[in-house]
file model.txt (compact mmCIF, N, CA and C atoms)
# COMPACT_ATOMS: atom_id res chain seq x y z
N GLN A 741 -86.79 -74.32 63.92
CA GLN A 741 -85.47 -73.92 64.36
C GLN A 741 -85.14 -74.62 65.67
N GLU A 742 -83.91 -75.09 65.76
CA GLU A 742 -83.47 -75.73 66.99
C GLU A 742 -83.42 -74.70 68.12
N ARG A 743 -83.83 -75.12 69.28
CA ARG A 743 -83.79 -74.28 70.47
C ARG A 743 -83.15 -75.09 71.59
N CYS A 744 -82.52 -74.37 72.50
CA CYS A 744 -81.98 -75.04 73.68
C CYS A 744 -82.87 -74.70 74.87
N GLN A 745 -82.64 -75.38 75.94
CA GLN A 745 -83.45 -75.19 77.14
C GLN A 745 -83.36 -73.74 77.62
N TRP A 746 -82.18 -73.14 77.55
CA TRP A 746 -81.96 -71.76 77.97
C TRP A 746 -82.84 -70.80 77.17
N ASP A 747 -82.92 -71.01 75.84
CA ASP A 747 -83.77 -70.16 74.99
C ASP A 747 -85.23 -70.26 75.42
N LEU A 748 -85.67 -71.48 75.67
CA LEU A 748 -87.06 -71.68 76.05
C LEU A 748 -87.37 -71.05 77.41
N GLU A 749 -86.46 -71.21 78.36
CA GLU A 749 -86.66 -70.62 79.67
C GLU A 749 -86.74 -69.09 79.58
N LYS A 750 -85.92 -68.53 78.70
CA LYS A 750 -85.94 -67.08 78.47
C LYS A 750 -87.30 -66.64 77.91
N LYS A 751 -87.79 -67.40 76.94
CA LYS A 751 -89.12 -67.11 76.36
C LYS A 751 -90.21 -67.22 77.42
N PHE A 752 -90.14 -68.26 78.25
CA PHE A 752 -91.14 -68.45 79.30
C PHE A 752 -91.17 -67.25 80.25
N ARG A 753 -89.98 -66.72 80.59
CA ARG A 753 -89.91 -65.55 81.47
C ARG A 753 -90.56 -64.34 80.82
N VAL A 754 -90.30 -64.15 79.53
CA VAL A 754 -90.90 -63.03 78.80
C VAL A 754 -92.42 -63.17 78.79
N TRP A 755 -92.89 -64.38 78.60
CA TRP A 755 -94.33 -64.63 78.55
C TRP A 755 -94.94 -64.75 79.95
N GLN A 756 -94.10 -64.71 80.98
CA GLN A 756 -94.52 -64.80 82.38
C GLN A 756 -95.29 -66.10 82.67
N VAL A 757 -94.74 -67.21 82.18
CA VAL A 757 -95.34 -68.52 82.42
C VAL A 757 -94.97 -68.97 83.83
N VAL A 758 -95.90 -69.53 84.55
CA VAL A 758 -95.68 -70.03 85.91
C VAL A 758 -94.60 -71.11 85.88
N GLU A 759 -93.73 -71.09 86.89
CA GLU A 759 -92.56 -71.97 86.91
C GLU A 759 -92.90 -73.46 86.85
N GLU A 760 -93.96 -73.87 87.54
CA GLU A 760 -94.35 -75.29 87.51
C GLU A 760 -94.74 -75.72 86.09
N ILE A 761 -95.43 -74.85 85.39
CA ILE A 761 -95.83 -75.15 84.01
C ILE A 761 -94.61 -75.18 83.11
N GLN A 762 -93.67 -74.26 83.35
CA GLN A 762 -92.42 -74.24 82.58
C GLN A 762 -91.71 -75.59 82.68
N ASP A 763 -91.54 -76.05 83.92
CA ASP A 763 -90.84 -77.32 84.16
C ASP A 763 -91.54 -78.48 83.48
N GLU A 764 -92.86 -78.49 83.54
CA GLU A 764 -93.64 -79.57 82.94
C GLU A 764 -93.51 -79.57 81.42
N VAL A 765 -93.63 -78.38 80.82
CA VAL A 765 -93.53 -78.26 79.36
C VAL A 765 -92.13 -78.64 78.89
N LEU A 766 -91.11 -78.14 79.59
CA LEU A 766 -89.72 -78.47 79.23
C LEU A 766 -89.47 -79.97 79.33
N ALA A 767 -89.95 -80.58 80.40
CA ALA A 767 -89.76 -82.03 80.57
C ALA A 767 -90.42 -82.80 79.43
N ASP A 768 -91.61 -82.37 79.03
CA ASP A 768 -92.30 -83.03 77.91
C ASP A 768 -91.52 -82.85 76.60
N LEU A 769 -91.07 -81.64 76.35
CA LEU A 769 -90.34 -81.37 75.11
C LEU A 769 -89.05 -82.17 75.04
N ILE A 770 -88.36 -82.27 76.16
CA ILE A 770 -87.11 -83.04 76.21
C ILE A 770 -87.38 -84.53 76.04
N SER A 771 -88.38 -85.04 76.76
CA SER A 771 -88.66 -86.48 76.70
C SER A 771 -89.16 -86.91 75.31
N GLN A 772 -89.82 -86.02 74.60
CA GLN A 772 -90.32 -86.33 73.26
C GLN A 772 -89.28 -86.03 72.16
N GLY A 773 -88.12 -85.51 72.56
CA GLY A 773 -87.05 -85.28 71.60
C GLY A 773 -87.13 -83.97 70.83
N PHE A 774 -88.03 -83.09 71.24
CA PHE A 774 -88.12 -81.80 70.55
C PHE A 774 -87.00 -80.86 70.97
N VAL A 775 -86.52 -81.03 72.19
CA VAL A 775 -85.39 -80.24 72.69
C VAL A 775 -84.27 -81.23 72.99
N ASN A 776 -83.14 -81.05 72.33
CA ASN A 776 -82.00 -81.94 72.50
C ASN A 776 -80.75 -81.07 72.49
N GLU A 777 -80.07 -81.03 73.62
CA GLU A 777 -78.92 -80.15 73.81
C GLU A 777 -77.79 -80.44 72.82
N GLU A 778 -77.45 -81.70 72.64
CA GLU A 778 -76.35 -82.07 71.76
C GLU A 778 -76.67 -81.72 70.30
N ARG A 779 -77.89 -82.01 69.88
CA ARG A 779 -78.33 -81.68 68.52
C ARG A 779 -78.32 -80.18 68.30
N PHE A 780 -78.80 -79.42 69.30
CA PHE A 780 -78.79 -77.97 69.22
C PHE A 780 -77.37 -77.46 69.06
N ALA A 781 -76.46 -77.95 69.89
CA ALA A 781 -75.07 -77.49 69.87
C ALA A 781 -74.43 -77.74 68.50
N LYS A 782 -74.67 -78.91 67.93
CA LYS A 782 -74.10 -79.23 66.61
C LYS A 782 -74.66 -78.33 65.52
N HIS A 783 -75.98 -78.10 65.54
CA HIS A 783 -76.59 -77.22 64.55
C HIS A 783 -76.11 -75.78 64.72
N PHE A 784 -76.02 -75.33 65.95
CA PHE A 784 -75.58 -73.98 66.25
C PHE A 784 -74.15 -73.77 65.75
N ALA A 785 -73.26 -74.69 66.12
CA ALA A 785 -71.85 -74.58 65.73
C ALA A 785 -71.70 -74.62 64.21
N SER A 786 -72.39 -75.54 63.58
CA SER A 786 -72.31 -75.67 62.13
C SER A 786 -72.80 -74.39 61.43
N GLY A 787 -73.91 -73.87 61.88
CA GLY A 787 -74.48 -72.67 61.27
C GLY A 787 -73.60 -71.45 61.47
N LYS A 788 -73.14 -71.23 62.68
CA LYS A 788 -72.30 -70.06 62.96
C LYS A 788 -70.97 -70.15 62.23
N PHE A 789 -70.44 -71.35 62.09
CA PHE A 789 -69.18 -71.52 61.36
C PHE A 789 -69.37 -71.32 59.86
N ARG A 790 -70.35 -71.97 59.28
CA ARG A 790 -70.52 -71.92 57.83
C ARG A 790 -71.11 -70.60 57.33
N ILE A 791 -72.02 -70.01 58.09
CA ILE A 791 -72.68 -68.80 57.62
C ILE A 791 -71.95 -67.53 58.09
N LYS A 792 -71.65 -67.47 59.38
CA LYS A 792 -71.02 -66.26 59.92
C LYS A 792 -69.50 -66.35 59.99
N LYS A 793 -68.96 -67.53 59.66
CA LYS A 793 -67.51 -67.75 59.66
C LYS A 793 -66.88 -67.55 61.04
N TRP A 794 -67.62 -67.94 62.09
CA TRP A 794 -67.10 -67.83 63.44
C TRP A 794 -66.07 -68.91 63.69
N GLY A 795 -65.11 -68.60 64.56
CA GLY A 795 -64.12 -69.57 64.98
C GLY A 795 -64.63 -70.40 66.16
N LYS A 796 -63.87 -71.41 66.51
CA LYS A 796 -64.27 -72.34 67.56
C LYS A 796 -64.40 -71.68 68.93
N LYS A 797 -63.51 -70.72 69.24
CA LYS A 797 -63.57 -70.07 70.56
C LYS A 797 -64.86 -69.28 70.72
N LYS A 798 -65.27 -68.56 69.70
CA LYS A 798 -66.49 -67.77 69.79
C LYS A 798 -67.72 -68.67 69.88
N ILE A 799 -67.70 -69.75 69.13
CA ILE A 799 -68.80 -70.71 69.19
C ILE A 799 -68.90 -71.30 70.60
N GLN A 800 -67.75 -71.69 71.17
CA GLN A 800 -67.74 -72.24 72.52
C GLN A 800 -68.31 -71.25 73.54
N LEU A 801 -67.89 -70.00 73.45
CA LEU A 801 -68.38 -68.99 74.39
C LEU A 801 -69.89 -68.79 74.28
N GLU A 802 -70.38 -68.76 73.06
CA GLU A 802 -71.82 -68.58 72.86
C GLU A 802 -72.62 -69.78 73.38
N LEU A 803 -72.08 -70.97 73.19
CA LEU A 803 -72.77 -72.16 73.70
C LEU A 803 -72.74 -72.18 75.23
N LYS A 804 -71.63 -71.77 75.82
CA LYS A 804 -71.55 -71.70 77.29
C LYS A 804 -72.55 -70.68 77.82
N LYS A 805 -72.68 -69.57 77.10
CA LYS A 805 -73.65 -68.54 77.50
C LYS A 805 -75.07 -69.11 77.54
N ARG A 806 -75.33 -70.08 76.67
CA ARG A 806 -76.65 -70.71 76.61
C ARG A 806 -76.74 -71.92 77.54
N GLN A 807 -75.75 -72.06 78.42
CA GLN A 807 -75.71 -73.11 79.44
C GLN A 807 -75.72 -74.52 78.86
N ILE A 808 -75.03 -74.69 77.75
CA ILE A 808 -74.87 -76.02 77.14
C ILE A 808 -73.72 -76.73 77.86
N SER A 809 -73.86 -78.02 78.07
CA SER A 809 -72.83 -78.79 78.79
C SER A 809 -71.54 -78.85 77.99
N ASN A 810 -70.44 -79.01 78.72
CA ASN A 810 -69.12 -79.12 78.07
C ASN A 810 -69.08 -80.31 77.11
N TYR A 811 -69.75 -81.39 77.48
CA TYR A 811 -69.79 -82.58 76.62
C TYR A 811 -70.40 -82.23 75.26
N SER A 812 -71.54 -81.56 75.27
CA SER A 812 -72.22 -81.20 74.02
C SER A 812 -71.42 -80.16 73.23
N ILE A 813 -70.79 -79.24 73.95
CA ILE A 813 -69.95 -78.23 73.28
C ILE A 813 -68.79 -78.92 72.57
N ASN A 814 -68.13 -79.84 73.26
CA ASN A 814 -66.99 -80.55 72.66
C ASN A 814 -67.42 -81.36 71.44
N LYS A 815 -68.57 -82.02 71.52
CA LYS A 815 -69.09 -82.79 70.38
C LYS A 815 -69.34 -81.86 69.19
N ALA A 816 -69.90 -80.70 69.45
CA ALA A 816 -70.20 -79.74 68.38
C ALA A 816 -68.92 -79.21 67.74
N ILE A 817 -67.93 -78.91 68.56
CA ILE A 817 -66.65 -78.38 68.04
C ILE A 817 -65.92 -79.46 67.25
N GLU A 818 -65.97 -80.70 67.73
CA GLU A 818 -65.32 -81.81 67.03
C GLU A 818 -65.94 -82.05 65.65
N ALA A 819 -67.21 -81.69 65.50
CA ALA A 819 -67.91 -81.91 64.22
C ALA A 819 -67.42 -80.96 63.13
N ILE A 820 -66.72 -79.89 63.51
CA ILE A 820 -66.16 -78.97 62.52
C ILE A 820 -64.84 -79.57 62.03
N GLU A 821 -64.77 -79.85 60.74
CA GLU A 821 -63.58 -80.49 60.18
C GLU A 821 -62.42 -79.51 60.08
N ASP A 822 -61.23 -79.99 60.46
CA ASP A 822 -60.03 -79.14 60.46
C ASP A 822 -59.72 -78.56 59.08
N GLU A 823 -59.87 -79.38 58.05
CA GLU A 823 -59.57 -78.90 56.69
C GLU A 823 -60.46 -77.73 56.31
N GLU A 824 -61.75 -77.88 56.54
CA GLU A 824 -62.71 -76.82 56.22
C GLU A 824 -62.46 -75.59 57.08
N TYR A 825 -62.10 -75.81 58.33
CA TYR A 825 -61.82 -74.73 59.27
C TYR A 825 -60.62 -73.90 58.79
N ASP A 826 -59.54 -74.60 58.43
CA ASP A 826 -58.34 -73.90 57.94
C ASP A 826 -58.60 -73.19 56.62
N LEU A 827 -59.36 -73.82 55.74
CA LEU A 827 -59.71 -73.20 54.46
C LEU A 827 -60.52 -71.92 54.68
N THR A 828 -61.46 -71.96 55.59
CA THR A 828 -62.27 -70.78 55.90
C THR A 828 -61.39 -69.67 56.47
N LEU A 829 -60.48 -70.03 57.34
CA LEU A 829 -59.55 -69.05 57.91
C LEU A 829 -58.72 -68.39 56.81
N GLN A 830 -58.22 -69.18 55.87
CA GLN A 830 -57.45 -68.63 54.74
C GLN A 830 -58.31 -67.70 53.88
N GLN A 831 -59.56 -68.09 53.65
CA GLN A 831 -60.46 -67.25 52.85
C GLN A 831 -60.73 -65.92 53.54
N LEU A 832 -60.91 -65.96 54.85
CA LEU A 832 -61.11 -64.72 55.61
C LEU A 832 -59.89 -63.81 55.51
N ILE A 833 -58.71 -64.41 55.59
CA ILE A 833 -57.46 -63.64 55.48
C ILE A 833 -57.37 -62.97 54.11
N GLN A 834 -57.59 -63.76 53.07
CA GLN A 834 -57.48 -63.22 51.71
C GLN A 834 -58.48 -62.11 51.44
N LYS A 835 -59.66 -62.23 52.00
CA LYS A 835 -60.69 -61.21 51.81
C LYS A 835 -60.37 -59.94 52.61
N LYS A 836 -59.97 -60.12 53.86
CA LYS A 836 -59.73 -58.98 54.75
C LYS A 836 -58.46 -58.22 54.40
N VAL A 837 -57.44 -58.93 53.94
CA VAL A 837 -56.15 -58.29 53.65
C VAL A 837 -56.29 -57.24 52.54
N LYS A 838 -57.29 -57.40 51.69
CA LYS A 838 -57.51 -56.45 50.60
C LYS A 838 -58.08 -55.12 51.07
N VAL A 839 -58.75 -55.11 52.20
CA VAL A 839 -59.41 -53.89 52.67
C VAL A 839 -58.73 -53.22 53.86
N ILE A 840 -57.74 -53.87 54.43
CA ILE A 840 -57.04 -53.29 55.59
C ILE A 840 -56.15 -52.15 55.13
N GLN A 841 -56.30 -51.03 55.82
CA GLN A 841 -55.42 -49.89 55.57
C GLN A 841 -54.45 -49.78 56.73
N ALA A 842 -53.17 -49.82 56.42
CA ALA A 842 -52.14 -49.77 57.46
C ALA A 842 -50.91 -49.04 56.93
N LYS A 843 -50.15 -48.51 57.88
CA LYS A 843 -48.93 -47.77 57.53
C LYS A 843 -47.82 -48.70 57.08
N ASN A 844 -47.78 -49.89 57.66
CA ASN A 844 -46.71 -50.83 57.32
C ASN A 844 -47.22 -52.27 57.45
N GLU A 845 -46.36 -53.20 57.11
CA GLU A 845 -46.73 -54.63 57.12
C GLU A 845 -47.03 -55.13 58.53
N PHE A 846 -46.28 -54.66 59.51
CA PHE A 846 -46.50 -55.07 60.90
C PHE A 846 -47.91 -54.68 61.36
N GLU A 847 -48.28 -53.43 61.11
CA GLU A 847 -49.61 -52.94 61.51
C GLU A 847 -50.71 -53.69 60.76
N LYS A 848 -50.46 -54.00 59.51
CA LYS A 848 -51.43 -54.74 58.71
C LYS A 848 -51.68 -56.13 59.31
N LYS A 849 -50.60 -56.80 59.70
CA LYS A 849 -50.73 -58.13 60.29
C LYS A 849 -51.43 -58.06 61.65
N GLN A 850 -51.14 -57.02 62.42
CA GLN A 850 -51.78 -56.86 63.73
C GLN A 850 -53.29 -56.66 63.56
N LYS A 851 -53.67 -55.81 62.62
CA LYS A 851 -55.10 -55.57 62.37
C LYS A 851 -55.78 -56.84 61.87
N LEU A 852 -55.11 -57.57 61.02
CA LEU A 852 -55.65 -58.82 60.50
C LEU A 852 -55.83 -59.84 61.63
N ALA A 853 -54.82 -59.96 62.48
CA ALA A 853 -54.89 -60.89 63.61
C ALA A 853 -56.02 -60.49 64.57
N GLN A 854 -56.16 -59.20 64.83
CA GLN A 854 -57.22 -58.72 65.73
C GLN A 854 -58.60 -59.05 65.16
N TYR A 855 -58.76 -58.87 63.86
CA TYR A 855 -60.03 -59.19 63.19
C TYR A 855 -60.35 -60.67 63.35
N LEU A 856 -59.37 -61.53 63.08
CA LEU A 856 -59.58 -62.97 63.17
C LEU A 856 -59.83 -63.41 64.61
N TYR A 857 -59.15 -62.76 65.55
CA TYR A 857 -59.37 -63.07 66.96
C TYR A 857 -60.80 -62.71 67.36
N SER A 858 -61.29 -61.58 66.85
CA SER A 858 -62.66 -61.17 67.17
C SER A 858 -63.69 -62.11 66.55
N LYS A 859 -63.31 -62.83 65.50
CA LYS A 859 -64.19 -63.82 64.89
C LYS A 859 -64.16 -65.14 65.66
N GLY A 860 -63.22 -65.25 66.63
CA GLY A 860 -63.20 -66.43 67.48
C GLY A 860 -62.18 -67.49 67.11
N TYR A 861 -61.21 -67.12 66.29
CA TYR A 861 -60.17 -68.08 65.93
C TYR A 861 -59.06 -68.07 66.98
N GLU A 862 -58.34 -69.17 67.08
CA GLU A 862 -57.30 -69.35 68.08
C GLU A 862 -56.02 -68.63 67.65
N ASN A 863 -55.34 -68.01 68.64
CA ASN A 863 -54.13 -67.22 68.37
C ASN A 863 -53.09 -67.96 67.54
N GLU A 864 -52.74 -69.16 67.97
CA GLU A 864 -51.70 -69.92 67.28
C GLU A 864 -52.11 -70.22 65.83
N ARG A 865 -53.36 -70.58 65.66
CA ARG A 865 -53.87 -70.89 64.32
C ARG A 865 -53.87 -69.64 63.43
N ILE A 866 -54.22 -68.50 64.03
CA ILE A 866 -54.24 -67.23 63.29
C ILE A 866 -52.85 -66.92 62.76
N TRP A 867 -51.86 -66.96 63.66
CA TRP A 867 -50.50 -66.58 63.24
C TRP A 867 -49.90 -67.59 62.26
N ASN A 868 -50.20 -68.86 62.43
CA ASN A 868 -49.74 -69.86 61.46
C ASN A 868 -50.34 -69.57 60.08
N ALA A 869 -51.61 -69.22 60.06
CA ALA A 869 -52.28 -68.94 58.78
C ALA A 869 -51.75 -67.65 58.15
N ILE A 870 -51.50 -66.64 58.97
CA ILE A 870 -50.96 -65.39 58.44
C ILE A 870 -49.57 -65.62 57.86
N HIS A 871 -48.74 -66.36 58.59
CA HIS A 871 -47.38 -66.63 58.09
C HIS A 871 -47.38 -67.52 56.85
N SER A 872 -48.28 -68.48 56.80
CA SER A 872 -48.35 -69.34 55.60
C SER A 872 -48.89 -68.54 54.41
N ASN A 873 -49.71 -67.54 54.68
CA ASN A 873 -50.24 -66.67 53.63
C ASN A 873 -49.12 -65.77 53.08
N ASP A 874 -48.15 -65.40 53.95
CA ASP A 874 -47.00 -64.61 53.52
C ASP A 874 -46.14 -65.37 52.52
N ASN A 875 -46.04 -66.67 52.73
CA ASN A 875 -45.16 -67.50 51.90
C ASN A 875 -45.77 -67.84 50.54
N GLU A 876 -47.02 -67.48 50.32
CA GLU A 876 -47.67 -67.82 49.05
C GLU A 876 -47.39 -66.76 48.01
call {"tool": "encode", "arguments": {"input": "model.txt", "output": "structure tokens"}}
result
Amino acid sequence: QERCQWDLEKKFRVWQVVEEIQDEVLADLISQGFVNEERFAKHFASGKFRIKKWGKKKIQLELKKRQISNYSINKAIEAIEDEEYDLTLQQLIQKKVKVIQAKNEFEKKQKLAQYLYSKGYENERIWNAIHSNDNE
């Protein structure tokens, strides 16, 4: 499984590894290509998008939490194709709209938008997808 430097440092703290040894081991892992931030970010983004159906905003936040550079985060987000992203968003809408209980159409759309926002999708993209789903 791909790991980032932040994950490894966290494990080292749990195992109470001396800091000098941590630095040495991390440097070796990085120099030998076992730890690669950009590769980790791409795998992380791809997995969270395809398996958990996370949106780009949530993926970005999680990568930032793991102290991944903006460069690597941007590369990972760019690797998600817009067509597949929009298709996934539409599939989430179609699935969720069947189970939402609401008093009226406005409340239904609000609940749907809140769900999609919590999955990490962008506001503008959410509302465009909801409105295009109305027209179908």
call {"tool": "atom_distance", "arguments": {"input": "model.txt", "atom1": "CA of Leu852 (chain A)", "atom2": "CA of Arg865 (chain A)"}}
result
12.8 Å
call {"tool": "closest_residue", "arguments": {"input": "model.txt", "among": "A:Phe780, A:Tyr825, A:Phe846, A:Phe774", "to": "Ile866 (chain A)", "atoms": "only C-alpha atoms"}}
result
A:Tyr825
call {"tool": "closest_residue", "arguments": {"input": "model.txt", "among": "A:Val758, A:Ala869, A:Ile820, A:Leu748", "to": "Ala785 (chain A)", "atoms": "only N, CA and C atoms"}}
result
A:Ile820
call {"tool": "closest_residue", "arguments": {"input": "model.txt", "among": "A:Asn844, A:Asn776, A:Gln834, A:Ser812", "to": "Arg743 (chain A)", "atoms": "all atoms listed in the file"}}
result
A:Asn776
call {"tool": "atom_distance", "arguments": {"input": "model.txt", "atom1": "CA of Leu827 (chain A)", "atom2": "CA of Asn873 (chain A)"}}
result
11.5 Å
call {"tool": "build_atoms", "arguments": {"input": "model.txt", "residues": "region 784-798 of chain A", "atoms": "N, CA, C and O atoms", "output": "mmCIF file, in the frame of the given file"}}
result
data_model
loop_
_atom_site.group_PDB
_atom_site.id
_atom_site.type_symbol
_atom_site.label_atom_id
_atom_site.label_comp_id
_atom_site.auth_asym_id
_atom_site.auth_seq_id
_atom_site.Cartn_x
_atom_site.Cartn_y
_atom_site.Cartn_z
ATOM 1 N N PHE A 784 -76.020 -75.330 65.950
ATOM 2 C CA PHE A 784 -75.580 -73.980 66.250
ATOM 3 C C PHE A 784 -74.150 -73.770 65.750
ATOM 4 O O PHE A 784 -73.862 -72.803 65.036
ATOM 5 N N ALA A 785 -73.260 -74.690 66.120
ATOM 6 C CA ALA A 785 -71.850 -74.580 65.730
ATOM 7 C C ALA A 785 -71.700 -74.620 64.210
ATOM 8 O O ALA A 785 -70.975 -73.815 63.630
ATOM 9 N N SER A 786 -72.390 -75.540 63.580
ATOM 10 C CA SER A 786 -72.310 -75.670 62.130
ATOM 11 C C SER A 786 -72.800 -74.390 61.430
ATOM 12 O O SER A 786 -72.146 -73.883 60.520
ATOM 13 N N GLY A 787 -73.910 -73.870 61.880
ATOM 14 C CA GLY A 787 -74.480 -72.670 61.270
ATOM 15 C C GLY A 787 -73.600 -71.450 61.470
ATOM 16 O O GLY A 787 -73.339 -70.696 60.520
ATOM 17 N N LYS A 788 -73.140 -71.230 62.680
ATOM 18 C CA LYS A 788 -72.300 -70.060 62.960
ATOM 19 C C LYS A 788 -70.970 -70.150 62.230
ATOM 20 O O LYS A 788 -70.449 -69.145 61.761
ATOM 21 N N PHE A 789 -70.440 -71.350 62.090
ATOM 22 C CA PHE A 789 -69.180 -71.520 61.360
ATOM 23 C C PHE A 789 -69.370 -71.320 59.860
ATOM 24 O O PHE A 789 -68.666 -70.540 59.229
ATOM 25 N N ARG A 790 -70.350 -71.970 59.280
ATOM 26 C CA ARG A 790 -70.520 -71.920 57.830
ATOM 27 C C ARG A 790 -71.110 -70.600 57.330
ATOM 28 O O ARG A 790 -70.738 -70.132 56.264
ATOM 29 N N ILE A 791 -72.020 -70.010 58.090
ATOM 30 C CA ILE A 791 -72.680 -68.800 57.620
ATOM 31 C C ILE A 791 -71.950 -67.530 58.090
ATOM 32 O O ILE A 791 -71.641 -66.658 57.284
ATOM 33 N N LYS A 792 -71.650 -67.470 59.380
ATOM 34 C CA LYS A 792 -71.020 -66.260 59.920
ATOM 35 C C LYS A 792 -69.500 -66.350 59.990
ATOM 36 O O LYS A 792 -68.848 -65.382 60.376
ATOM 37 N N LYS A 793 -68.960 -67.530 59.660
ATOM 38 C CA LYS A 793 -67.510 -67.750 59.660
ATOM 39 C C LYS A 793 -66.880 -67.550 61.040
ATOM 40 O O LYS A 793 -65.775 -67.065 61.174
ATOM 41 N N TRP A 794 -67.620 -67.940 62.090
ATOM 42 C CA TRP A 794 -67.100 -67.830 63.440
ATOM 43 C C TRP A 794 -66.070 -68.910 63.690
ATOM 44 O O TRP A 794 -66.157 -70.021 63.160
ATOM 45 N N GLY A 795 -65.110 -68.600 64.560
ATOM 46 C CA GLY A 795 -64.120 -69.570 64.980
ATOM 47 C C GLY A 795 -64.630 -70.400 66.160
ATOM 48 O O GLY A 795 -65.672 -70.099 66.756
ATOM 49 N N LYS A 796 -63.870 -71.410 66.510
ATOM 50 C CA LYS A 796 -64.270 -72.340 67.560
ATOM 51 C C LYS A 796 -64.400 -71.680 68.930
ATOM 52 O O LYS A 796 -65.301 -72.009 69.704
ATOM 53 N N LYS A 797 -63.510 -70.720 69.240
ATOM 54 C CA LYS A 797 -63.570 -70.070 70.560
ATOM 55 C C LYS A 797 -64.860 -69.280 70.720
ATOM 56 O O LYS A 797 -65.483 -69.313 71.782
ATOM 57 N N LYS A 798 -65.270 -68.560 69.700
ATOM 58 C CA LYS A 798 -66.490 -67.770 69.790
ATOM 59 C C LYS A 798 -67.720 -68.670 69.880
ATOM 60 O O LYS A 798 -68.646 -68.400 70.641
#
